[in-house]
>>> print(open('structure-v7.cif').read())   # mmCIF, C-alpha atoms and all ligand atoms
data_start
#
loop_
_atom_site.group_PDB
_atom_site.id
_atom_site.type_symbol
_atom_site.label_atom_id
_atom_site.label_comp_id
_atom_site.auth_asym_id
_atom_site.auth_seq_id
_atom_site.Cartn_x
_atom_site.Cartn_y
_atom_site.Cartn_z
ATOM 1 C CA SER A 1 -23.864 -3.047 -4.013
ATOM 2 C CA LYS A 2 -21.908 -6.286 -3.737
ATOM 3 C CA PRO A 3 -22.276 -9.105 -6.232
ATOM 4 C CA VAL A 4 -24.588 -11.912 -5.117
ATOM 5 C CA VAL A 5 -23.539 -15.571 -5.279
ATOM 6 C CA ALA A 6 -26.285 -18.150 -4.739
ATOM 7 C CA VAL A 7 -25.590 -21.761 -3.768
ATOM 8 C CA VAL A 8 -27.990 -24.254 -5.341
ATOM 9 C CA GLY A 9 -28.017 -28.030 -4.913
ATOM 10 C CA ARG A 10 -29.890 -31.053 -3.637
ATOM 11 C CA PRO A 11 -30.477 -31.628 0.057
ATOM 12 C CA ASN A 12 -27.464 -33.047 1.862
ATOM 13 C CA VAL A 13 -24.828 -32.165 -0.759
ATOM 14 C CA GLY A 14 -23.187 -29.830 1.752
ATOM 15 C CA LYS A 15 -24.569 -26.366 0.938
ATOM 16 C CA SER A 16 -24.728 -25.269 4.571
ATOM 17 C CA THR A 17 -21.273 -26.707 5.302
ATOM 18 C CA LEU A 18 -19.833 -24.767 2.360
ATOM 19 C CA PHE A 19 -21.728 -21.656 3.396
ATOM 20 C CA ASN A 20 -20.290 -21.866 6.907
ATOM 21 C CA ALA A 21 -16.770 -22.564 5.626
ATOM 22 C CA LEU A 22 -16.880 -19.508 3.374
ATOM 23 C CA ALA A 23 -18.605 -17.271 5.883
ATOM 24 C CA GLY A 24 -16.090 -18.332 8.523
ATOM 25 C CA GLU A 25 -18.556 -18.824 11.333
ATOM 26 C CA MET A 26 -21.302 -21.248 12.238
ATOM 27 C CA ILE A 27 -24.381 -19.468 11.035
ATOM 28 C CA SER A 28 -26.115 -22.030 8.839
ATOM 29 C CA ILE A 29 -27.525 -25.237 10.276
ATOM 30 C CA VAL A 30 -25.838 -28.430 9.078
ATOM 31 C CA LYS A 31 -28.034 -31.497 9.256
ATOM 32 C CA ASP A 32 -26.984 -35.121 9.050
ATOM 33 C CA THR A 33 -30.097 -36.031 7.073
ATOM 34 C CA PRO A 34 -32.182 -33.950 4.673
ATOM 35 C CA GLY A 35 -35.096 -32.309 6.377
ATOM 36 C CA VAL A 36 -36.956 -29.129 6.892
ATOM 37 C CA THR A 37 -34.455 -26.583 8.158
ATOM 38 C CA ARG A 38 -34.676 -22.842 8.331
ATOM 39 C CA ASP A 39 -31.117 -21.686 8.167
ATOM 40 C CA ARG A 40 -29.805 -18.205 8.180
ATOM 41 C CA ILE A 41 -29.115 -17.875 4.501
ATOM 42 C CA TYR A 42 -27.143 -14.687 3.865
ATOM 43 C CA ALA A 43 -23.487 -13.983 4.622
ATOM 44 C CA ASP A 44 -20.950 -11.386 3.532
ATOM 45 C CA VAL A 45 -17.793 -13.031 2.235
ATOM 46 C CA SER A 46 -14.416 -11.474 1.443
ATOM 47 C CA TRP A 47 -12.001 -13.206 -0.889
ATOM 48 C CA LEU A 48 -8.708 -11.430 -1.583
ATOM 49 C CA ASP A 49 -9.776 -8.005 -2.838
ATOM 50 C CA LYS A 50 -13.344 -9.093 -3.652
ATOM 51 C CA GLU A 51 -16.456 -8.993 -1.542
ATOM 52 C CA PHE A 52 -19.763 -10.638 -2.241
ATOM 53 C CA THR A 53 -22.985 -11.705 -0.596
ATOM 54 C CA LEU A 54 -23.474 -15.471 -0.389
ATOM 55 C CA ILE A 55 -26.974 -16.954 -0.313
ATOM 56 C CA ASP A 56 -27.759 -20.538 0.703
ATOM 57 C CA THR A 57 -30.938 -21.239 -1.265
ATOM 58 C CA GLY A 58 -31.353 -24.473 0.708
ATOM 59 C CA GLY A 59 -32.583 -22.634 3.782
ATOM 60 C CA ILE A 60 -35.868 -24.466 3.580
ATOM 61 C CA GLU A 61 -35.609 -28.042 2.391
ATOM 62 C CA PRO A 62 -38.128 -30.772 1.688
ATOM 63 C CA GLU A 63 -38.072 -34.248 3.175
ATOM 64 C CA SER A 64 -37.940 -36.419 0.073
ATOM 65 C CA GLY A 65 -39.426 -37.577 -3.170
ATOM 66 C CA ASP A 66 -40.672 -35.478 -6.081
ATOM 67 C CA VAL A 67 -40.724 -32.502 -3.758
ATOM 68 C CA ILE A 68 -36.931 -32.391 -4.032
ATOM 69 C CA LEU A 69 -37.049 -31.672 -7.745
ATOM 70 C CA SER A 70 -39.724 -28.995 -7.447
ATOM 71 C CA GLN A 71 -37.861 -27.446 -4.526
ATOM 72 C CA MET A 72 -34.632 -27.469 -6.538
ATOM 73 C CA ARG A 73 -36.382 -25.811 -9.444
ATOM 74 C CA GLU A 74 -37.647 -23.169 -7.046
ATOM 75 C CA GLN A 75 -34.164 -22.674 -5.585
ATOM 76 C CA ALA A 76 -32.665 -22.474 -9.059
ATOM 77 C CA GLN A 77 -35.258 -19.907 -10.113
ATOM 78 C CA ILE A 78 -34.511 -17.767 -7.038
ATOM 79 C CA ALA A 79 -30.820 -18.003 -7.895
ATOM 80 C CA ILE A 80 -31.435 -17.098 -11.538
ATOM 81 C CA ASP A 81 -33.557 -14.109 -10.510
ATOM 82 C CA THR A 82 -31.304 -12.751 -7.759
ATOM 83 C CA ALA A 83 -27.706 -13.896 -8.246
ATOM 84 C CA ASP A 84 -24.838 -12.579 -10.328
ATOM 85 C CA VAL A 85 -23.130 -15.973 -10.152
ATOM 86 C CA ILE A 86 -24.712 -19.342 -9.361
ATOM 87 C CA LEU A 87 -22.697 -21.918 -7.482
ATOM 88 C CA PHE A 88 -24.172 -25.318 -8.319
ATOM 89 C CA LEU A 89 -23.134 -27.781 -5.638
ATOM 90 C CA THR A 90 -23.171 -31.542 -6.206
ATOM 91 C CA ASP A 91 -21.944 -34.508 -4.174
ATOM 92 C CA VAL A 92 -19.373 -36.999 -5.461
ATOM 93 C CA ARG A 93 -20.693 -39.627 -3.026
ATOM 94 C CA GLN A 94 -24.362 -39.370 -4.037
ATOM 95 C CA GLY A 95 -23.212 -39.096 -7.660
ATOM 96 C CA LEU A 96 -25.257 -37.623 -10.503
ATOM 97 C CA VAL A 97 -29.028 -37.960 -10.374
ATOM 98 C CA ASP A 98 -31.825 -36.929 -12.698
ATOM 99 C CA ALA A 99 -32.650 -33.815 -10.683
ATOM 100 C CA ASP A 100 -29.070 -32.577 -11.207
ATOM 101 C CA PHE A 101 -29.483 -32.803 -15.000
ATOM 102 C CA LYS A 102 -32.827 -30.991 -14.868
ATOM 103 C CA VAL A 103 -31.465 -28.168 -12.733
ATOM 104 C CA ALA A 104 -28.333 -27.972 -14.909
ATOM 105 C CA ASP A 105 -30.587 -27.520 -17.973
ATOM 106 C CA MET A 106 -32.434 -24.703 -16.232
ATOM 107 C CA LEU A 107 -29.219 -22.974 -15.242
ATOM 108 C CA ARG A 108 -27.730 -23.352 -18.728
ATOM 109 C CA ARG A 109 -30.825 -21.821 -20.332
ATOM 110 C CA SER A 110 -30.706 -18.862 -17.933
ATOM 111 C CA GLN A 111 -27.306 -17.864 -19.343
ATOM 112 C CA LYS A 112 -26.232 -16.736 -15.868
ATOM 113 C CA PRO A 113 -22.614 -17.551 -14.982
ATOM 114 C CA VAL A 114 -22.561 -20.949 -13.272
ATOM 115 C CA VAL A 115 -19.691 -22.497 -11.331
ATOM 116 C CA LEU A 116 -20.028 -26.256 -10.813
ATOM 117 C CA ALA A 117 -18.562 -27.627 -7.589
ATOM 118 C CA VAL A 118 -18.371 -31.305 -6.624
ATOM 119 C CA ASN A 119 -18.316 -31.648 -2.852
ATOM 120 C CA LYS A 120 -17.148 -34.371 -0.451
ATOM 121 C CA VAL A 121 -13.974 -34.944 -2.451
ATOM 122 C CA ASP A 122 -12.100 -35.546 0.776
ATOM 123 C CA ASN A 123 -9.391 -37.463 -1.113
ATOM 124 C CA PHE A 124 -8.601 -35.761 -4.429
ATOM 125 C CA GLU A 125 -6.636 -38.651 -5.961
ATOM 126 C CA LYS A 126 -9.221 -41.265 -5.107
ATOM 127 C CA PHE A 127 -12.287 -39.370 -6.293
ATOM 128 C CA MET A 128 -11.050 -37.495 -9.381
ATOM 129 C CA PRO A 129 -12.358 -40.123 -11.872
ATOM 130 C CA ASP A 130 -15.801 -39.679 -10.294
ATOM 131 C CA VAL A 131 -15.489 -35.884 -10.431
ATOM 132 C CA TYR A 132 -14.964 -36.015 -14.219
ATOM 133 C CA GLU A 133 -18.402 -37.656 -14.562
ATOM 134 C CA PHE A 134 -19.919 -34.279 -13.676
ATOM 135 C CA TYR A 135 -18.759 -32.885 -17.044
ATOM 136 C CA ASN A 136 -21.850 -34.727 -18.313
ATOM 137 C CA LEU A 137 -24.037 -31.992 -16.805
ATOM 138 C CA GLY A 138 -22.900 -29.776 -19.674
ATOM 139 C CA ILE A 139 -22.269 -26.691 -17.547
ATOM 140 C CA GLY A 140 -18.500 -26.655 -17.575
ATOM 141 C CA GLU A 141 -15.560 -27.887 -15.568
ATOM 142 C CA PRO A 142 -16.442 -29.557 -12.263
ATOM 143 C CA LYS A 143 -14.366 -28.142 -9.400
ATOM 144 C CA PRO A 144 -13.582 -30.681 -6.666
ATOM 145 C CA ILE A 145 -13.959 -29.436 -3.111
ATOM 146 C CA SER A 146 -14.277 -30.711 0.419
ATOM 147 C CA ALA A 147 -16.425 -28.218 2.275
ATOM 148 C CA ALA A 148 -15.928 -30.135 5.526
ATOM 149 C CA GLY A 149 -12.169 -30.408 5.003
ATOM 150 C CA LYS A 150 -11.893 -26.874 3.562
ATOM 151 C CA GLN A 151 -10.090 -28.203 0.477
ATOM 152 C CA GLY A 152 -10.322 -26.596 -2.947
ATOM 153 C CA LEU A 153 -12.175 -23.554 -1.652
ATOM 154 C CA GLY A 154 -9.566 -21.043 -2.813
ATOM 155 C CA ASP A 155 -9.635 -22.338 -6.385
ATOM 156 C CA LEU A 156 -13.425 -22.366 -6.271
ATOM 157 C CA LEU A 157 -13.611 -18.755 -5.100
ATOM 158 C CA ASP A 158 -11.147 -17.738 -7.829
ATOM 159 C CA CYS A 159 -13.560 -19.213 -10.403
ATOM 160 C CA VAL A 160 -16.526 -17.454 -8.800
ATOM 161 C CA ALA A 161 -14.735 -14.105 -8.593
ATOM 162 C CA ASP A 162 -13.661 -14.358 -12.254
ATOM 163 C CA HIS A 163 -17.299 -13.609 -13.102
ATOM 164 C CA PHE A 164 -17.532 -10.315 -11.162
HETATM 165 P P1 LIG B 1 -27.159 -29.288 2.764
HETATM 166 O O1 LIG B 1 -28.396 -30.059 3.008
HETATM 167 O O2 LIG B 1 -26.834 -29.246 1.288
HETATM 168 O O3 LIG B 1 -27.121 -27.932 3.394
HETATM 169 O O4 LIG B 1 -25.969 -30.161 3.417
HETATM 170 P P2 LIG B 1 -25.234 -29.983 4.842
HETATM 171 O O5 LIG B 1 -24.227 -28.888 4.780
HETATM 172 O O6 LIG B 1 -26.270 -29.910 5.897
HETATM 173 O O7 LIG B 1 -24.402 -31.340 4.925
HETATM 174 C C1 LIG B 1 -25.019 -32.593 4.802
HETATM 175 C C2 LIG B 1 -24.078 -33.662 5.332
HETATM 176 O O8 LIG B 1 -22.922 -33.764 4.503
HETATM 177 C C3 LIG B 1 -23.570 -33.380 6.742
HETATM 178 O O9 LIG B 1 -23.514 -34.610 7.440
HETATM 179 C C4 LIG B 1 -22.178 -32.838 6.493
HETATM 180 O O10 LIG B 1 -21.314 -33.033 7.570
HETATM 181 C C5 LIG B 1 -21.736 -33.645 5.283
HETATM 182 N N1 LIG B 1 -20.679 -32.985 4.501
HETATM 183 C C6 LIG B 1 -20.659 -31.701 4.087
HETATM 184 N N2 LIG B 1 -19.510 -31.429 3.416
HETATM 185 C C7 LIG B 1 -18.782 -32.566 3.421
HETATM 186 C C8 LIG B 1 -17.481 -32.923 2.883
HETATM 187 O O11 LIG B 1 -16.750 -32.116 2.307
HETATM 188 N N3 LIG B 1 -17.096 -34.211 3.057
HETATM 189 C C9 LIG B 1 -17.879 -35.124 3.713
HETATM 190 N N4 LIG B 1 -17.412 -36.362 3.818
HETATM 191 N N5 LIG B 1 -19.082 -34.824 4.231
HETATM 192 C C10 LIG B 1 -19.532 -33.558 4.105
HETATM 193 MG MG MG B 2 -28.586 -26.852 4.383
#
>>> encode(input="structure-v7.cif", output="structure tokens", more="lines below")
Ligand code: GDP
Ligand code: MG
Amino acid sequence: SKPVVAVVGRPNVGKSTLFNALAGEMISIVKDTPGVTRDRIYADVSWLDKEFTLIDTGGIEPESGDVILSQMREQAQIAIDTADVILFLTDVRQGLVDADFKVADMLRRSQKPVVLAVNKVDNFEKFMPDVYEFYNLGIGEPKPISAAGKQGLGDLLDCVADHF
């Protein structure tokens, strides 16, 4: 069967937007504010000669507070248990928060391949200094993308597919 790639990340970082951009159709609900959403969470994606199944682990999201961290841990655990590659999505505009470090620790300990993407880099020149901050997560090179602008997605998929 096809390799599984799971997208993990805090509410509102752009998981559903990325999922839709990669799946090429509007099948995951994009919300302007974090909230409880039940998205369709699986899509088959083709990239060059590779095919994989993409999972948006953010299909059910909490409103706020400590619940976000426990929900992220749950998402990360699902990803660790089911995925061949984990795509950890962060947001250059929200910046790094404690929950990101905790999830990064979990992912690092799992020894699963992790690709770190930094979303909402709508202007690569302007935001690159901020993108470098994400090296501090200790899970490798942060890849700048704009899911909404469909920028950087090819390079990101190359990194993902390198692990198949
Ligand atoms: P999720 O909660 O992680 O699934 O995030 P969503 O995909 O629902 O997106 C949350 C918000 O971020 C929405 O308002 C999106 O339009 C916005 N967003 C997503 N990707 C980008 C991007 O590349 N650039 C900008 N500026 N906004 C984005
Ligand atoms: Mg979502």
>>> closest_residue(input="structure-v7.cif", among="A:Val118, A:Ala99, A:Cys159, A:Ala76", to="ligand LIG 1 (chain B)", atoms="all atoms listed in the file")
A:Val118
>>> residues_around(input="structure-v7.cif", residues="Gln111 (chain A)", least_positions_apart="5", cutoff="12 Å", atoms="all atoms listed in the file", output="count of residues only")
11
>>> closest_residue(input="structure-v7.cif", among="A:Leu48, A:Leu89, A:Val5, A:Met128", to="ligand MG 2 (chain B)", atoms="all atoms listed in the file")
A:Leu89
>>> resolve_selection(input="structure-v7.cif", expression="the PyMOL selection byres (((chain A and resi 74) around 12) and not hetatm)", output="MDAnalysis selection string")
chainID A and resid 8:10 57:62 67:73 75:81 103 106:107
>>> closest_residue(input="structure-v7.cif", among="A:Tyr42, A:Phe19, A:Tyr132, A:Trp47", to="Gly154 (chain A)", atoms="only C-alpha atoms")
A:Trp47
>>> closest_residue(input="structure-v7.cif", among="A:Asp56, A:Asp130, A:Asp100, A:Glu125", to="ligand MG 2 (chain B)", atoms="all atoms listed in the file")
A:Asp56
>>> closest_residue(input="structure-v7.cif", among="A:Pro11, A:Gly24, A:Pro113, A:Gly152", to="ligand LIG 1 (chain B)", atoms="all atoms listed in the file")
A:Pro11
>>> resolve_selection(input="structure-v7.cif", expression="the PyMOL selection byres (((chain A and resi 15) around 12) and not hetatm)", output="PDB file with C-alpha atoms, keeping the file's coordinate frame")
ATOM      1  CA  ALA A   6     -26.285 -18.150  -4.739  1.00  0.00           C
ATOM      2  CA  VAL A   7     -25.590 -21.761  -3.768  1.00  0.00           C
ATOM      3  CA  VAL A   8     -27.990 -24.254  -5.341  1.00  0.00           C
ATOM      4  CA  GLY A   9     -28.017 -28.030  -4.913  1.00  0.00           C
ATOM      5  CA  ARG A  10     -29.890 -31.053  -3.637  1.00  0.00           C
ATOM      6  CA  PRO A  11     -30.477 -31.628   0.057  1.00  0.00           C
ATOM      7  CA  ASN A  12     -27.464 -33.047   1.862  1.00  0.00           C
ATOM      8  CA  VAL A  13     -24.828 -32.165  -0.759  1.00  0.00           C
ATOM      9  CA  GLY A  14     -23.187 -29.830   1.752  1.00  0.00           C
ATOM     10  CA  SER A  16     -24.728 -25.269   4.571  1.00  0.00           C
ATOM     11  CA  THR A  17     -21.273 -26.707   5.302  1.00  0.00           C
ATOM     12  CA  LEU A  18     -19.833 -24.767   2.360  1.00  0.00           C
ATOM     13  CA  PHE A  19     -21.728 -21.656   3.396  1.00  0.00           C
ATOM     14  CA  ASN A  20     -20.290 -21.866   6.907  1.00  0.00           C
ATOM     15  CA  ALA A  21     -16.770 -22.564   5.626  1.00  0.00           C
ATOM     16  CA  LEU A  22     -16.880 -19.508   3.374  1.00  0.00           C
ATOM     17  CA  ALA A  23     -18.605 -17.271   5.883  1.00  0.00           C
ATOM     18  CA  SER A  28     -26.115 -22.030   8.839  1.00  0.00           C
ATOM     19  CA  ILE A  29     -27.525 -25.237  10.276  1.00  0.00           C
ATOM     20  CA  VAL A  30     -25.838 -28.430   9.078  1.00  0.00           C
ATOM     21  CA  LYS A  31     -28.034 -31.497   9.256  1.00  0.00           C
ATOM     22  CA  PRO A  34     -32.182 -33.950   4.673  1.00  0.00           C
ATOM     23  CA  ASP A  39     -31.117 -21.686   8.167  1.00  0.00           C
ATOM     24  CA  ILE A  41     -29.115 -17.875   4.501  1.00  0.00           C
ATOM     25  CA  LEU A  54     -23.474 -15.471  -0.389  1.00  0.00           C
ATOM     26  CA  ILE A  55     -26.974 -16.954  -0.313  1.00  0.00           C
ATOM     27  CA  ASP A  56     -27.759 -20.538   0.703  1.00  0.00           C
ATOM     28  CA  THR A  57     -30.938 -21.239  -1.265  1.00  0.00           C
ATOM     29  CA  GLY A  58     -31.353 -24.473   0.708  1.00  0.00           C
ATOM     30  CA  GLY A  59     -32.583 -22.634   3.782  1.00  0.00           C
ATOM     31  CA  ILE A  60     -35.868 -24.466   3.580  1.00  0.00           C
ATOM     32  CA  GLU A  61     -35.609 -28.042   2.391  1.00  0.00           C
ATOM     33  CA  LEU A  87     -22.697 -21.918  -7.482  1.00  0.00           C
ATOM     34  CA  PHE A  88     -24.172 -25.318  -8.319  1.00  0.00           C
ATOM     35  CA  LEU A  89     -23.134 -27.781  -5.638  1.00  0.00           C
ATOM     36  CA  THR A  90     -23.171 -31.542  -6.206  1.00  0.00           C
ATOM     37  CA  ASP A  91     -21.944 -34.508  -4.174  1.00  0.00           C
ATOM     38  CA  ALA A 117     -18.562 -27.627  -7.589  1.00  0.00           C
ATOM     39  CA  VAL A 118     -18.371 -31.305  -6.624  1.00  0.00           C
ATOM     40  CA  ASN A 119     -18.316 -31.648  -2.852  1.00  0.00           C
ATOM     41  CA  LYS A 120     -17.148 -34.371  -0.451  1.00  0.00           C
ATOM     42  CA  ILE A 145     -13.959 -29.436  -3.111  1.00  0.00           C
ATOM     43  CA  SER A 146     -14.277 -30.711   0.419  1.00  0.00           C
ATOM     44  CA  ALA A 147     -16.425 -28.218   2.275  1.00  0.00           C
ATOM     45  CA  ALA A 148     -15.928 -30.135   5.526  1.00  0.00           C
TER      46      ALA A 148
END
>>> resolve_selection(input="structure-v7.cif", expression="the PyMOL selection byres (((chain A and resi 137) around 10) and not hetatm)", output="MDAnalysis selection string")
chainID A and resid 96 100:105 108 116 133:136 138:142
>>> atom_distance(input="structure-v7.cif", atom1="CA of Ser1 (chain A)", atom2="CA of Lys112 (chain A)")
18.3 Å
>>> atom_distance(input="structure-v7.cif", atom1="CA of Val92 (chain A)", atom2="atom C9 of ligand LIG 1 (chain B)")
9.5 Å
>>> axis_aligned_box(input="structure-v7.cif", around="region 13-18 of chain A", padding_each_side="8 Å", output="AutoDock Vina command-line options")
--center_x -22.3 --center_y -28.5 --center_z 2.3 --size_x 21.0 --size_y 23.4 --size_z 22.1
>>> closest_residue(input="structure-v7.cif", among="A:Ala43, A:Gln151, A:Lys143, A:Phe164", to="Val115 (chain A)", atoms="only C-alpha atoms")
A:Lys143
>>> atom_distance(input="structure-v7.cif", atom1="CA of Asp49 (chain A)", atom2="CA of His163 (chain A)")
13.9 Å
